[in-house]
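Containing mmCIF, C-alpha atoms: my_file28.cif.
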data_target
loop_
_atom_site.label_atom_id
_atom_site.label_comp_id
_atom_site.auth_asym_id
_atom_site.auth_seq_id
_atom_site.Cartn_x
_atom_site.Cartn_y
_atom_site.Cartn_z
CA ASN A 284 27.65 -28.23 7.10
CA ALA A 285 28.61 -31.59 8.54
CA GLY A 286 26.51 -34.58 7.67
CA VAL A 287 25.46 -37.38 9.97
CA MET A 288 28.53 -38.50 11.91
CA GLN A 289 28.90 -42.02 13.20
CA ASN A 290 31.64 -43.47 15.32
CA PRO A 291 33.41 -45.69 15.56
CA ARG A 292 33.47 -46.60 11.89
CA HIS A 293 34.77 -50.06 12.75
CA LEU A 294 34.43 -51.90 16.03
CA VAL A 295 35.67 -55.35 16.97
CA ARG A 296 34.29 -57.07 20.03
CA ARG A 297 34.59 -60.52 21.52
CA ARG A 298 31.48 -62.50 22.36
CA GLY A 299 29.95 -61.30 25.63
CA GLN A 300 31.37 -57.77 25.46
CA GLU A 301 29.36 -54.60 25.01
CA ALA A 302 29.25 -52.48 21.87
CA ARG A 303 28.35 -48.79 21.86
CA LEU A 304 27.74 -47.01 18.58
CA ARG A 305 27.34 -43.24 18.45
CA CYS A 306 25.49 -41.02 16.03
CA SER A 307 25.47 -37.23 15.80
CA PRO A 308 22.63 -36.06 13.55
CA MET A 309 22.89 -33.25 11.05
CA LYS A 310 22.63 -29.78 12.53
CA GLY A 311 19.00 -28.85 13.02
CA HIS A 312 17.76 -32.45 12.87
CA SER A 313 15.88 -33.66 15.92
CA HIS A 314 14.88 -37.10 14.64
CA VAL A 315 17.25 -40.05 14.56
CA TYR A 316 16.80 -43.54 13.09
CA TRP A 317 18.95 -46.65 13.34
CA TYR A 318 19.05 -49.26 10.60
CA ARG A 319 21.01 -52.50 10.46
CA GLN A 320 22.43 -54.32 7.46
CA LEU A 321 23.22 -57.94 8.15
CA PRO A 322 25.57 -59.72 5.70
CA GLU A 323 23.85 -60.37 2.36
CA GLU A 324 20.71 -58.55 3.48
CA GLY A 325 19.15 -55.13 2.93
CA LEU A 326 18.78 -52.27 5.37
CA LYS A 327 16.34 -53.09 8.17
CA PHE A 328 14.72 -50.51 10.46
CA MET A 329 15.56 -50.81 14.14
CA VAL A 330 14.44 -47.75 16.06
CA TYR A 331 13.22 -44.15 15.70
CA LEU A 332 14.07 -41.59 18.38
CA GLN A 333 13.52 -37.94 19.12
CA LYS A 334 15.36 -36.10 21.86
CA GLU A 335 14.76 -38.02 25.12
CA ASN A 336 12.01 -40.13 23.53
CA ILE A 337 11.81 -43.49 21.80
CA ILE A 338 9.07 -43.14 19.19
CA ASP A 339 9.18 -46.57 17.52
CA GLU A 340 11.36 -49.48 18.56
CA SER A 341 9.44 -52.12 16.65
CA GLY A 342 12.57 -53.25 14.79
CA MET A 343 14.78 -53.69 17.83
CA PRO A 344 15.62 -57.21 19.01
CA LYS A 345 13.82 -57.85 22.28
CA GLU A 346 16.93 -58.45 24.34
CA ARG A 347 20.41 -56.95 24.65
CA PHE A 348 19.72 -53.97 22.37
CA SER A 349 18.87 -50.47 23.57
CA ALA A 350 18.96 -46.97 22.10
CA GLU A 351 18.85 -43.49 23.49
CA PHE A 352 18.98 -39.93 22.22
CA PRO A 353 19.65 -37.70 25.23
CA LYS A 354 18.93 -34.00 25.47
CA GLU A 355 22.62 -33.30 25.02
CA GLY A 356 25.04 -35.40 23.03
CA PRO A 357 24.80 -38.07 20.36
CA SER A 358 22.35 -40.89 19.98
CA ILE A 359 23.76 -44.20 21.23
CA LEU A 360 22.92 -47.72 20.13
CA ARG A 361 24.03 -50.15 22.80
CA ILE A 362 24.40 -53.89 22.34
CA GLN A 363 25.08 -55.89 25.48
CA GLN A 364 26.69 -59.34 25.54
CA VAL A 365 27.33 -59.36 21.81
CA VAL A 366 27.06 -62.58 19.82
CA ARG A 367 28.47 -63.43 16.39
CA GLY A 368 25.04 -62.83 14.83
CA ASP A 369 25.28 -59.15 15.82
CA SER A 370 28.08 -58.65 13.29
CA ALA A 371 26.63 -56.16 10.84
CA ALA A 372 26.79 -52.61 9.58
CA TYR A 373 24.72 -50.23 11.69
CA PHE A 374 23.54 -47.07 9.97
CA CYS A 375 22.18 -43.96 11.59
CA ALA A 376 20.00 -41.48 9.74
CA SER A 377 18.49 -38.17 10.74
CA SER A 378 15.79 -35.82 9.54
CA PRO A 379 14.15 -32.57 10.52
CA PRO A 380 10.67 -32.77 12.06
CA PRO A 381 8.19 -34.21 9.51
CA LEU A 382 6.42 -30.93 8.87
CA TYR A 383 9.68 -29.23 7.89
CA GLY A 384 11.32 -31.84 5.70
CA THR A 385 10.84 -33.50 2.35
CA GLY A 386 10.66 -36.89 4.00
CA GLU A 387 14.13 -37.99 2.97
CA LEU A 388 16.50 -39.44 5.50
CA PHE A 389 20.13 -38.34 5.72
CA PHE A 390 22.39 -41.30 6.42
CA GLY A 391 25.77 -41.63 8.04
CA GLU A 392 28.49 -43.87 6.64
CA GLY A 393 27.77 -46.62 9.10
CA SER A 394 29.53 -48.43 11.93
CA ARG A 395 30.74 -51.91 11.11
CA LEU A 396 30.65 -54.25 14.08
CA THR A 397 32.59 -57.49 13.98
CA VAL A 398 32.09 -59.98 16.79
CA LEU A 399 34.87 -62.53 17.17
CA ILE B 136 5.67 -58.17 6.59
CA LEU B 137 6.04 -55.72 3.71
CA ASN B 138 7.91 -56.97 0.66
CA VAL B 139 9.78 -54.48 -1.51
CA GLU B 140 11.33 -56.10 -4.56
CA GLN B 141 13.91 -54.60 -6.88
CA SER B 142 14.96 -55.89 -10.25
CA PRO B 143 17.33 -56.63 -11.69
CA GLN B 144 19.68 -57.48 -8.83
CA SER B 145 22.63 -56.22 -10.84
CA LEU B 146 23.21 -54.56 -14.16
CA HIS B 147 26.27 -53.93 -16.32
CA VAL B 148 26.02 -51.28 -19.02
CA GLN B 149 28.40 -49.40 -21.27
CA GLU B 150 29.09 -45.71 -20.87
CA GLY B 151 26.45 -43.78 -22.79
CA ASP B 152 23.76 -46.44 -22.50
CA SER B 153 20.44 -45.54 -20.97
CA THR B 154 19.09 -47.92 -18.39
CA ASN B 155 16.18 -48.45 -16.05
CA PHE B 156 15.26 -50.60 -13.11
CA THR B 157 12.14 -51.46 -11.17
CA CYS B 158 10.90 -51.32 -7.62
CA SER B 159 7.71 -53.25 -6.76
CA PHE B 160 5.81 -52.80 -3.52
CA PRO B 161 2.41 -53.53 -1.98
CA SER B 162 -0.02 -50.84 -3.12
CA SER B 163 -2.24 -50.87 -0.04
CA ASN B 164 -1.67 -48.18 2.60
CA PHE B 165 0.89 -46.41 0.42
CA TYR B 166 2.43 -43.25 1.86
CA ALA B 167 5.73 -42.57 0.07
CA LEU B 168 8.39 -44.22 -2.05
CA HIS B 169 12.04 -43.23 -1.66
CA TRP B 170 14.97 -43.78 -4.02
CA TYR B 171 18.51 -43.69 -2.65
CA ARG B 172 21.87 -43.91 -4.37
CA TRP B 173 24.59 -45.74 -2.42
CA GLU B 174 28.19 -45.64 -3.53
CA THR B 175 30.62 -48.13 -2.04
CA ALA B 176 32.09 -46.99 1.31
CA LYS B 177 29.81 -43.96 1.41
CA SER B 178 26.38 -43.25 2.89
CA PRO B 179 23.08 -43.75 1.06
CA GLU B 180 21.99 -40.46 -0.48
CA ALA B 181 18.40 -39.58 -1.29
CA LEU B 182 17.51 -39.10 -4.93
CA PHE B 183 13.73 -38.77 -4.76
CA VAL B 184 10.83 -39.00 -2.35
CA MET B 185 7.62 -39.63 -4.28
CA THR B 186 4.12 -39.54 -2.86
CA LEU B 187 1.58 -39.03 -5.66
CA ASN B 188 0.35 -41.61 -8.15
CA GLY B 189 1.63 -40.68 -11.60
CA ASP B 190 4.40 -38.54 -10.12
CA GLU B 191 7.53 -38.07 -12.19
CA LYS B 192 10.69 -36.57 -10.75
CA LYS B 193 13.96 -35.67 -12.41
CA LYS B 194 17.46 -34.82 -11.21
CA GLY B 195 19.92 -34.28 -14.02
CA ARG B 196 20.11 -37.49 -16.06
CA ILE B 197 18.16 -39.50 -13.50
CA SER B 198 14.38 -39.63 -13.38
CA ALA B 199 11.74 -41.72 -11.65
CA THR B 200 8.09 -42.52 -12.10
CA LEU B 201 5.54 -43.83 -9.62
CA ASN B 202 2.40 -45.96 -9.97
CA THR B 203 0.83 -46.42 -6.56
CA LYS B 204 -2.26 -48.25 -7.87
CA GLU B 205 -0.27 -51.14 -9.29
CA GLY B 206 2.62 -50.80 -6.85
CA TYR B 207 5.72 -50.03 -8.88
CA SER B 208 8.28 -47.32 -9.53
CA TYR B 209 10.86 -47.07 -12.31
CA LEU B 210 14.22 -45.34 -12.08
CA TYR B 211 15.76 -44.23 -15.37
CA ILE B 212 19.33 -43.13 -16.05
CA LYS B 213 19.95 -41.48 -19.39
CA GLY B 214 23.43 -41.69 -20.93
CA SER B 215 25.04 -43.61 -18.06
CA GLN B 216 28.47 -42.50 -16.90
CA PRO B 217 31.05 -44.48 -14.87
CA GLU B 218 30.33 -42.22 -11.88
CA ASP B 219 26.73 -43.52 -11.90
CA SER B 220 28.06 -46.88 -10.73
CA ALA B 221 26.40 -47.49 -7.37
CA THR B 222 23.68 -49.47 -5.65
CA TYR B 223 20.24 -47.96 -6.14
CA LEU B 224 17.83 -48.61 -3.30
CA CYS B 225 14.14 -48.06 -3.16
CA ALA B 226 12.31 -47.86 0.16
CA LEU B 227 8.62 -47.85 1.00
CA HIS B 228 7.01 -45.76 3.68
CA ASN B 229 3.78 -47.54 4.41
CA ALA B 230 0.90 -45.73 6.09
CA GLY B 231 -0.48 -48.79 7.86
CA GLY B 232 0.37 -47.77 11.41
CA THR B 233 3.99 -47.12 10.50
CA SER B 234 5.93 -44.33 12.13
CA TYR B 235 7.66 -41.60 10.20
CA GLY B 236 11.10 -42.69 9.02
CA LYS B 237 10.35 -46.40 9.26
CA LEU B 238 11.21 -47.42 5.73
CA THR B 239 11.17 -50.89 4.24
CA PHE B 240 14.11 -51.15 1.85
CA GLY B 241 14.51 -53.35 -1.18
CA GLN B 242 17.72 -55.30 -1.70
CA GLY B 243 18.94 -52.81 -4.27
CA THR B 244 20.07 -52.87 -7.89
CA ILE B 245 23.85 -52.78 -8.33
CA LEU B 246 24.70 -50.75 -11.42
CA THR B 247 28.14 -50.93 -13.01
CA VAL B 248 28.87 -48.59 -15.89
CA HIS B 249 31.87 -49.63 -17.96
CA PRO B 250 33.94 -46.94 -19.75
#

Let's see the structure in the file written out as structure tokens.
Amino acid sequence: NAGVMQNPRHLVRRRGQEARLRCSPMKGHSHVYWYRQLPEEGLKFMVYLQKENIIDESGMPKERFSAEFPKEGPSILRIQQVVRGDSAAYFCASSPPPLYGTGELFFGEGSRLTVL
Amino acid sequence: ILNVEQSPQSLHVQEGDSTNFTCSFPSSNFYALHWYRWETAKSPEALFVMTLNGDEKKKGRISATLNTKEGYSYLYIKGSQPEDSATYLCALHNAGGTSYGKLTFGQGTILTVHP
């Protein structure tokens, strides 16, 4: 039973390029969350998605960042025109619908973005 | 802005020692408190999700308690082993208009168990 799969695990981009990070949730999980860990900081919530819906994007930077979770395929976190300050580890987590779970989140191993 | 504080920041113990660390959080609008164990180069893994004041949960040698009225939780490890070395994170799910899965994490306690 595969866990949450994230790819790429490491991504290097130059300033101004686009970064796309993918997340496949655990089988049976319809809820996906993205968290970011900046250097020397803790995990910070970015966005909560269900299939084809953004439920809470209160943690997303206002510009350049977007997320989607299409009906088919993985969830994607997209960062346009990356800047050095976007260098961080981006973690995806998934869960079953609230009524069916214990509340815990299941995390992937993260995607580490380095902006040169 | 919610503030979740963990102490100590890091801890070194000898194999066989018992240890504990603290997570402090605002007690208003409490919904749930999560504990995660995070080994280097791996993914954070849930240990406990606690919702009730006075709750105590146990998994093997690890246990946790919760006081929602005063806003703290303790994590205990009995007879620490080198494989317990990890970062232990607590995370608050606050009910004040917060969506499911929006957790506020502490900075973590880094535990190193020396053989």

Would you please work out which residue, of A:Ala350, A:Ile359, A:Ala371, A:Ile338, is nearest to chain B when using all atoms listed in the file?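 Under the stated criterion, the closest residue is A:Ile338.
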
Write out as a PyMOL selection string every residue belonging to chain A that has an atom at most 8 Å from any atom of chain B, counting all atoms listed in the file. chain A and resi 316+324-328+331+338-339+381+385-393

Here's the selection I'm unsure about, the PyMOL selection byres ((chain A and resi 313) around 8); applied to the file above, which residues does it give, as a count of residues only? 11

Just say which residues the PyMOL selection byres ((chain B and resi 150) around 7) picks in this file, as a list in words. Val148, Gln149, Gly151, Asp152, Gly214, Ser215, Gln216, Pro217, Val248, His249 and Pro250 of chain B

Please write the residues picked by the PyMOL selection byres ((chain A and resi 290-301) around 9) on this file as a PDB file with C-alpha atoms, in the coordinates of the input.
ATOM      1  CA  MET A 288      28.530 -38.500  11.910  1.00  0.00           C
ATOM      2  CA  GLN A 289      28.900 -42.020  13.200  1.00  0.00           C
ATOM      3  CA  ALA A 302      29.250 -52.480  21.870  1.00  0.00           C
ATOM      4  CA  ARG A 303      28.350 -48.790  21.860  1.00  0.00           C
ATOM      5  CA  LEU A 304      27.740 -47.010  18.580  1.00  0.00           C
ATOM      6  CA  ARG A 305      27.340 -43.240  18.450  1.00  0.00           C
ATOM      7  CA  CYS A 306      25.490 -41.020  16.030  1.00  0.00           C
ATOM      8  CA  SER A 307      25.470 -37.230  15.800  1.00  0.00           C
ATOM      9  CA  ARG A 361      24.030 -50.150  22.800  1.00  0.00           C
ATOM     10  CA  ILE A 362      24.400 -53.890  22.340  1.00  0.00           C
ATOM     11  CA  GLN A 363      25.080 -55.890  25.480  1.00  0.00           C
ATOM     12  CA  GLN A 364      26.690 -59.340  25.540  1.00  0.00           C
ATOM     13  CA  VAL A 365      27.330 -59.360  21.810  1.00  0.00           C
ATOM     14  CA  VAL A 366      27.060 -62.580  19.820  1.00  0.00           C
ATOM     15  CA  ARG A 367      28.470 -63.430  16.390  1.00  0.00           C
ATOM     16  CA  ALA A 372      26.790 -52.610   9.580  1.00  0.00           C
ATOM     17  CA  GLU A 392      28.490 -43.870   6.640  1.00  0.00           C
ATOM     18  CA  GLY A 393      27.770 -46.620   9.100  1.00  0.00           C
ATOM     19  CA  SER A 394      29.530 -48.430  11.930  1.00  0.00           C
ATOM     20  CA  ARG A 395      30.740 -51.910  11.110  1.00  0.00           C
ATOM     21  CA  LEU A 396      30.650 -54.250  14.080  1.00  0.00           C
ATOM     22  CA  THR A 397      32.590 -57.490  13.980  1.00  0.00           C
ATOM     23  CA  VAL A 398      32.090 -59.980  16.790  1.00  0.00           C
ATOM     24  CA  LEU A 399      34.870 -62.530  17.170  1.00  0.00           C
TER      25      LEU A 399
END

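Closest approach to Glu335 (chain A) among A:Asp369, A:Gly356, A:Gln320, A:Ala376: A:Gly356, based on only C-alpha atoms.
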